[in-house]
Amino acid sequence: MITQLAENVFWAGIVDWAIRRFHGRELSTHRGTTYNSYLILDEKKVLVDTVWEPFAQEWLDSFRQVIDPAKIDVVVANHSEPDHSGALPLLMQACPNAAVIVSKRGAESIPGHYHRKWNLKAVGTGERLPIGRRELVFIEAPMLHWPDSMFTYLAPDGILMPNDAFGQHYAAPFRFNDQADQEELYEEALKYYVNILTPFSTQVARKIDELLALNLPVTAIAPSHGVIWRKDPLQIVRHYQEWAAQKPQRRAAILYDTMWQATRRMAEAVGDGLAAEGVPYKVVHAAVTDRNDALVEVFRAKAVIVGSPTLNNGLLPSIMPLLEDLKGLRFKNKVGAAFGSYGWSGEGVKLIEQHLAACRMPPAAPGVLAKWQPTADDLEKCRALGRAVAAAVLKNG
């Protein structure tokens with residue numbers, strides 16, 4: 001259903017209630033998502049971003065509530081990823097003479113995806129396009145989260161359309177933040193940031209500073225996924241500044257997997273040690289916990305404590321993706337620790353510590369290794385590990 005944002009400005013997207021995996025199978029979307037597209041009717045008819053290709057015909061048909069798609073003069077492609085640009089080929093059949101506005105890097109990525117000869121126009125930060133009584137202002141935003149990413153600002157309405165920045169994978173019955181369940185909204189906004197934008201936190205902080213320095217009035221922030229921020233729209237910008245600073249809470253995340261409960265018992269004993277010093281923690285069983293949700297716990301925590309038995313001279317398969325994520329997402333300002341059990345070779349703890357070192361998470365204490373099932377002494381060593389990690393958290397938190 002088309003929804004009005006301002007006079008002759010409309011949300012014209014798709015709500016996808018059913019999707020549960022995104023970026024292929026990489027990202028969980030427990031609450032679905034939306035593909036947000038924005039229609040501006042002035043002397044020139046403008047469409048900002050499209051939707052994912054499976055919804056292209058449904059999306060295009062919905063325009064006819066307000067306009068014949070053939071009358072669109074300008075299409076802005078803020079980002080070429082197919083969940084935002086997938087309907088471009090069908091749209092451009094309807095309006096083949098429309099100009100397609102892209103960032104300088106988008107001039108490479110859009111043709112790279114679709115191999116079509118459209119009327120592309122590349123723009124840079126600060127360039128403006130009058131469309132009647134309004135104008136569009138373009139702001140390049142490389143690595144938020146692709147090199148081709150761009151923001152589009154609608155003046156004088158004060159509507160910022162930043163594509164993947166400030167969004168959430170969140171399907172909801174209404175389009176605006178003040179109509180949403182606030183707890184769900186911020187859970188999804190944080191998860192989105194952690195799993196997509198954390199590696200680019202330096203660029204996020206810099207781009208926000210640049211954006212605020214432009215002194216553009218902002219009445220709404222209309223991202224490419226989730227709800228539109230119209231009530232106190234800069235609240236999500238302030239949260240991004242906080243998240244980009246990566247100042248973790250004084251808490252710990254214990255990530256583990258187990259074969260015969262030895263490492264589970266060790267994980268719980270580590271938790272006992274943390275609790276004894278007043279440090280809150282979450283125990284995350286990697287084999288049965290959604291990986292993207294686990295990474296939110298890691299993001300929040302000052303300490304990351306990882307446990308696994310040794311299997312085939314290595315670690316359990318459920319642990320390895322998390323360790324790769326810790327490296328790829330470039331978490332900052334954390335300490336690490338390791339524990340594990342073994343029956344034969346016992347390399348697990350050493351391997352975890354090597355991974356944590358590669359993630360720049362210095363050890364808060366030496367790891368604990370138990371042979372077979374942990375003894376009472378082994379469990380006490382785990383409690384001592386928890387207390388030592390707690391001391392590091394409280395000292396540096």
# chains A, B, ... in the order shown; residues from 1 in each chain; ligands from 1
>>> select_by_dssp(residues="range 113-263 of chain A", states="strand (DSSP E or B)", output="number ranges by chain")
A: 119-123, 128-130, 135-140, 150-155, 159-161, 176, 220-221, 228-229, 249-256
>>> residues_around(residues="Pro111 in chain A", least_positions_apart="2", cutoff="12 Å", atoms="only C-alpha atoms", output="NGL selection string")
:A and (77 or 80-81 or 85 or 88-89 or 100 or 102 or 105-109 or 113-120)
>>> write_last_selection(atoms="C-alpha atoms", output="PDB file, in the first residue's frame")
ATOM      1  CA  ALA A  77      19.891   4.147  -7.572  1.00  0.00           C
ATOM      2  CA  SER A  80      23.379  -1.457  -6.652  1.00  0.00           C
ATOM      3  CA  GLU A  81      22.809  -4.422  -4.336  1.00  0.00           C
ATOM      4  CA  SER A  85      18.073  -2.405  -7.649  1.00  0.00           C
ATOM      5  CA  LEU A  88      15.420  -1.763 -12.357  1.00  0.00           C
ATOM      6  CA  PRO A  89      15.240  -3.845 -15.557  1.00  0.00           C
ATOM      7  CA  VAL A 100      19.375   6.881 -13.834  1.00  0.00           C
ATOM      8  CA  VAL A 102      24.152   6.834  -9.526  1.00  0.00           C
ATOM      9  CA  ARG A 105      31.209   3.983  -8.127  1.00  0.00           C
ATOM     10  CA  GLY A 106      27.619   3.125  -9.021  1.00  0.00           C
ATOM     11  CA  ALA A 107      28.452   3.954 -12.626  1.00  0.00           C
ATOM     12  CA  GLU A 108      30.482   0.740 -12.529  1.00  0.00           C
ATOM     13  CA  SER A 109      28.361  -1.459 -10.273  1.00  0.00           C
ATOM     14  CA  HIS A 113      24.895  -6.199 -12.388  1.00  0.00           C
ATOM     15  CA  TYR A 114      22.530  -5.654 -15.314  1.00  0.00           C
ATOM     16  CA  HIS A 115      24.566  -5.163 -18.514  1.00  0.00           C
ATOM     17  CA  ARG A 116      22.005  -2.716 -19.910  1.00  0.00           C
ATOM     18  CA  LYS A 117      22.563   0.593 -21.700  1.00  0.00           C
ATOM     19  CA  TRP A 118      20.583   2.981 -19.569  1.00  0.00           C
ATOM     20  CA  ASN A 119      20.974   6.745 -19.417  1.00  0.00           C
ATOM     21  CA  LEU A 120      23.334   6.815 -16.425  1.00  0.00           C
TER      22      LEU A 120
END
>>> residues_around(residues="Phe63 in chain A", least_positions_apart="2", cutoff="10 Å", atoms="only C-alpha atoms", output="number ranges by chain")
A: 1-2, 10, 12-13, 39, 58-61, 65-69
>>> atom_distance(atom1="CA of Phe138 in chain A", atom2="CA of Asn215 in chain A")
14.2 Å
>>> residues_around(residues="range 281-298 of chain A", least_positions_apart="5", cutoff="9 Å", atoms="only C-alpha atoms", output="PyMOL selection string")
chain A and resi 26-28+190-191+194-195+251-258+264+267-268+271+274-275+303-304+317-319+321-322+325-326+331
>>> write_last_selection(atoms="N, CA and C atoms", output="compact mmCIF listing (two decimals), in the first residue's frame")
# COMPACT_ATOMS: atom_id res chain seq x y z
N GLU A 26 23.27 -15.73 4.71
CA GLU A 26 24.24 -15.20 5.64
C GLU A 26 23.64 -14.53 6.86
N LEU A 27 22.49 -13.90 6.71
CA LEU A 27 21.95 -13.05 7.77
C LEU A 27 20.53 -13.49 8.11
N SER A 28 20.25 -13.67 9.39
CA SER A 28 18.90 -14.06 9.81
C SER A 28 18.01 -12.83 9.90
N LEU A 190 19.94 -2.51 16.09
CA LEU A 190 21.26 -2.88 16.59
C LEU A 190 21.79 -4.11 15.86
N LYS A 191 20.95 -5.12 15.69
CA LYS A 191 21.39 -6.32 14.97
C LYS A 191 21.86 -5.98 13.57
N VAL A 194 25.29 -4.27 13.86
CA VAL A 194 26.35 -5.20 14.27
C VAL A 194 26.78 -6.07 13.11
N ASN A 195 25.84 -6.65 12.41
CA ASN A 195 26.15 -7.66 11.41
C ASN A 195 26.49 -7.09 10.04
N ARG A 251 30.40 -6.31 30.54
CA ARG A 251 29.74 -7.60 30.55
C ARG A 251 30.57 -8.56 29.70
N ALA A 252 30.19 -9.83 29.69
CA ALA A 252 30.94 -10.84 28.96
C ALA A 252 30.00 -11.70 28.13
N ALA A 253 30.52 -12.22 27.04
CA ALA A 253 29.82 -13.21 26.22
C ALA A 253 30.65 -14.49 26.23
N ILE A 254 30.03 -15.59 26.64
CA ILE A 254 30.69 -16.90 26.65
C ILE A 254 30.13 -17.70 25.48
N LEU A 255 30.95 -17.95 24.48
CA LEU A 255 30.54 -18.70 23.30
C LEU A 255 31.15 -20.09 23.38
N TYR A 256 30.33 -21.13 23.24
CA TYR A 256 30.89 -22.47 23.36
C TYR A 256 30.07 -23.45 22.53
N ASP A 257 30.69 -24.59 22.26
CA ASP A 257 29.95 -25.77 21.81
C ASP A 257 30.53 -26.97 22.55
N THR A 258 29.79 -28.05 22.53
CA THR A 258 30.16 -29.21 23.33
C THR A 258 29.76 -30.49 22.63
N ARG A 264 30.34 -27.53 28.18
CA ARG A 264 29.18 -26.85 28.77
C ARG A 264 29.40 -26.61 30.26
N ALA A 267 31.89 -23.87 30.67
CA ALA A 267 31.30 -22.55 30.37
C ALA A 267 30.51 -22.04 31.56
N GLU A 268 29.73 -22.90 32.17
CA GLU A 268 28.92 -22.48 33.31
C GLU A 268 29.80 -22.12 34.50
N GLY A 271 31.15 -18.74 33.96
CA GLY A 271 30.09 -17.79 34.31
C GLY A 271 29.97 -17.57 35.80
N LEU A 274 32.55 -15.06 36.79
CA LEU A 274 32.17 -13.70 36.40
C LEU A 274 31.12 -13.14 37.37
N ALA A 275 30.11 -13.97 37.66
CA ALA A 275 29.03 -13.52 38.53
C ALA A 275 29.53 -13.21 39.93
N ALA A 303 34.20 -8.54 27.18
CA ALA A 303 35.00 -9.78 27.16
C ALA A 303 34.31 -10.84 26.31
N VAL A 304 35.10 -11.52 25.50
CA VAL A 304 34.62 -12.62 24.67
C VAL A 304 35.40 -13.87 25.07
N PRO A 317 32.90 -27.47 14.34
CA PRO A 317 32.52 -26.66 13.17
C PRO A 317 31.62 -25.47 13.50
N SER A 318 30.81 -25.55 14.54
CA SER A 318 29.93 -24.44 14.89
C SER A 318 30.69 -23.24 15.42
N ILE A 319 31.89 -23.46 15.95
CA ILE A 319 32.68 -22.38 16.52
C ILE A 319 33.44 -21.61 15.45
N PRO A 321 32.77 -20.52 12.29
CA PRO A 321 32.18 -19.33 11.67
C PRO A 321 32.14 -18.12 12.60
N LEU A 322 31.89 -18.36 13.87
CA LEU A 322 31.89 -17.24 14.82
C LEU A 322 33.27 -16.61 14.93
N ASP A 325 33.78 -14.54 11.95
CA ASP A 325 33.01 -13.31 12.06
C ASP A 325 33.69 -12.30 12.98
N LEU A 326 34.24 -12.78 14.10
CA LEU A 326 34.93 -11.88 15.02
C LEU A 326 36.04 -11.14 14.30
N PHE A 331 35.60 -6.16 15.48
CA PHE A 331 35.20 -5.64 16.79
C PHE A 331 36.41 -5.02 17.48
>>> residues_around(residues="Pro374 in chain A", least_positions_apart="4", cutoff="10 Å", atoms="only C-alpha atoms", output="PyMOL selection string")
chain A and resi 261-263+265-266+340-342+369-370+378-382
